[in-house]
Amino acid sequence: MAASGKLGTFRLPPLPTIREIIKLFGLRAVKQLSQNFLLDLRLTDKIVRKAGNLEDVYVYEVGPGPGGITRSILNASIAELLVVEKDTRFIPGLQMLSDAAPGKLRIVHGDVLTYKIEKAFPDSVRRQWEDDPPNVHIIGNLPFSVSTPLIIKWLENISLKDGPFVYGRTKMTLTFQKEVAERLVATTGSQQRSRLSIMAQYLCDVKHIFTIPGKAFVPKPEVDVGVVNFTPLIQPKIQQPFKLVEKVVQNVFQFRRKYCHRGLGMLFPEAQRLESTGRLLQLADIDPTLRPTHLSLMHFKSLCDVYRKMCDEDPQLFAYNFREELKQKRRKGQEKDENTQL
């Protein structure tokens, strides 16, 4: 697919504005669900343009809400648009769009976190992983409360080549709080470098393509919004199971202000912690006094590769959870105190 594209010649017929739809159906953004509506169609058109050339592409939109981005997608000469919306209040407005674009829009009332998309599109669009990305694209203005767990879920899908990625290296164009967008693209040494940076960048080419000011949304969020594009890599930069990479990365960044050996130590039971942490760092050839934000993807690759070998040597090691060990110690301490009192 081309890197950029113009909106297609098909145009929706005259329709009520998004603001009128909101008024017509009595829609209000629910604060607890971190909902924010994007009403400016120039901005929704820009999101769709930045997604690339969508001509004859099957698009999966998550969280369409009142349908602002939905309209821009329908005007982009797509093959078909599938929207998954959890909130029933938005279905009538989306149905109005479906009626205005016969055969173009499919509406599913469901949860994007559990919806099975593997059979949603024709088998003919599937591509080999090594080929160019398929004619399938995910687009979404995600509620802030859902965006992080959803992208972690999709990153795991990429590693397994399942879910939306049964079709191949499906591209994604998604919105996040600006701070989250900055974390997703943060480079080695930057203050924004985090767990999300590593998990996204070892599997995808990630680009923060533009920022939308918070004032463009209704209600206005306290933060600006970043639009991020993801293209899955043919070869992940760390070739270990997703859960193993996630465990190493989480442990490193839970003590982000400490030296990296502090978090890495939590991968091992207390009795062997010092020795095993030293061995891990030595075999991975990593300075134990580096801060987590200064560890590169190659550093994490080395750590994951060595940790995998250590787990192969000790099959119980991967299941170890330092928090569980801490709970057991506290429980034994409480029992000891109670026995002493008796």
# chains A, B, ... in the order shown; residues from 1 in each chain; ligands from 1
call {"tool": "residues_around", "arguments": {"residues": "A:Pro213", "least_positions_apart": "6", "cutoff": "8 Å", "atoms": "only C-alpha atoms", "output": "MDAnalysis selection string"}}
result
chainID A and resid 223:225
call {"tool": "write_last_selection", "arguments": {"atoms": "N, CA and C atoms", "output": "short mmCIF file (atom, residue, chain, number, x, y, z; two decimals), in the first residue's frame"}}
result
data_model
loop_
_atom_site.label_atom_id
_atom_site.label_comp_id
_atom_site.auth_asym_id
_atom_site.auth_seq_id
_atom_site.Cartn_x
_atom_site.Cartn_y
_atom_site.Cartn_z
N VAL A 223 -5.53 16.53 28.51
CA VAL A 223 -4.28 16.28 27.78
C VAL A 223 -4.52 16.36 26.28
N ASP A 224 -3.44 16.56 25.53
CA ASP A 224 -3.51 16.46 24.08
C ASP A 224 -3.48 14.99 23.68
N VAL A 225 -3.74 14.73 22.40
CA VAL A 225 -3.87 13.36 21.91
C VAL A 225 -2.88 13.11 20.78
#
call {"tool": "select_by_dssp", "arguments": {"residues": "stretch 173-337 of chain A", "states": "strand (DSSP E or B)", "output": "number ranges by chain"}}
result
A: 173-177, 204-212, 217-218, 225-232
call {"tool": "write_last_selection", "arguments": {"atoms": "C-alpha atoms", "output": "JSON list (two decimals), in the first residue's frame"}}
result
[["chain", "number", "residue", "atom", "x", "y", "z"],
["A", 173, "THR", "CA", -3.46, 3.93, 13.20],
["A", 174, "LEU", "CA", -4.59, 4.69, 16.75],
["A", 175, "THR", "CA", -4.99, 7.59, 19.16],
["A", 176, "PHE", "CA", -3.50, 7.75, 22.65],
["A", 177, "GLN", "CA", -2.94, 10.34, 25.32],
["A", 204, "CYS", "CA", 6.71, -2.83, 15.17],
["A", 205, "ASP", "CA", 7.91, 0.21, 13.31],
["A", 206, "VAL", "CA", 6.17, 2.88, 15.43],
["A", 207, "LYS", "CA", 5.63, 6.50, 14.38],
["A", 208, "HIS", "CA", 3.95, 9.37, 16.27],
["A", 209, "ILE", "CA", 2.53, 11.03, 13.17],
["A", 210, "PHE", "CA", 0.82, 14.09, 14.63],
["A", 211, "THR", "CA", -0.76, 15.56, 17.75],
["A", 212, "ILE", "CA", -4.36, 16.73, 18.15],
["A", 217, "PHE", "CA", -12.46, 17.06, 21.58],
["A", 218, "VAL", "CA", -15.79, 17.20, 23.37],
["A", 225, "VAL", "CA", -3.87, 13.36, 21.91],
["A", 226, "GLY", "CA", -1.21, 11.65, 19.80],
["A", 227, "VAL", "CA", -1.96, 9.72, 16.60],
["A", 228, "VAL", "CA", 0.37, 6.74, 16.27],
["A", 229, "ASN", "CA", 1.00, 4.42, 13.32],
["A", 230, "PHE", "CA", 2.18, 0.82, 13.81],
["A", 231, "THR", "CA", 3.59, -1.47, 11.09],
["A", 232, "PRO", "CA", 4.53, -4.97, 12.34]]
call {"tool": "residues_around", "arguments": {"residues": "stretch 18-20 of chain A", "least_positions_apart": "3", "cutoff": "7 Å", "atoms": "only C-alpha atoms", "output": "PDB file with N, CA and C atoms, in the first residue's frame"}}
result
ATOM      1  N   LYS A  23     -26.829  15.522  19.534  1.00  0.00           N
ATOM      2  CA  LYS A  23     -28.036  16.146  20.076  1.00  0.00           C
ATOM      3  C   LYS A  23     -29.280  15.302  19.782  1.00  0.00           C
ATOM      4  N   LEU A  24     -29.352  14.781  18.546  1.00  0.00           N
ATOM      5  CA  LEU A  24     -30.518  13.997  18.097  1.00  0.00           C
ATOM      6  C   LEU A  24     -30.741  12.768  18.967  1.00  0.00           C
ATOM      7  N   LEU A  39     -15.157  16.080  16.840  1.00  0.00           N
ATOM      8  CA  LEU A  39     -16.246  16.589  15.994  1.00  0.00           C
ATOM      9  C   LEU A  39     -15.753  17.229  14.696  1.00  0.00           C
ATOM     10  N   PRO A  66     -19.773   8.377  18.077  1.00  0.00           N
ATOM     11  CA  PRO A  66     -20.817   8.989  17.241  1.00  0.00           C
ATOM     12  C   PRO A  66     -20.502   8.950  15.741  1.00  0.00           C
ATOM     13  N   GLY A  68     -17.504  10.101  13.843  1.00  0.00           N
ATOM     14  CA  GLY A  68     -16.724  11.122  13.139  1.00  0.00           C
ATOM     15  C   GLY A  68     -15.676  10.507  12.219  1.00  0.00           C
TER      16      GLY A  68
END
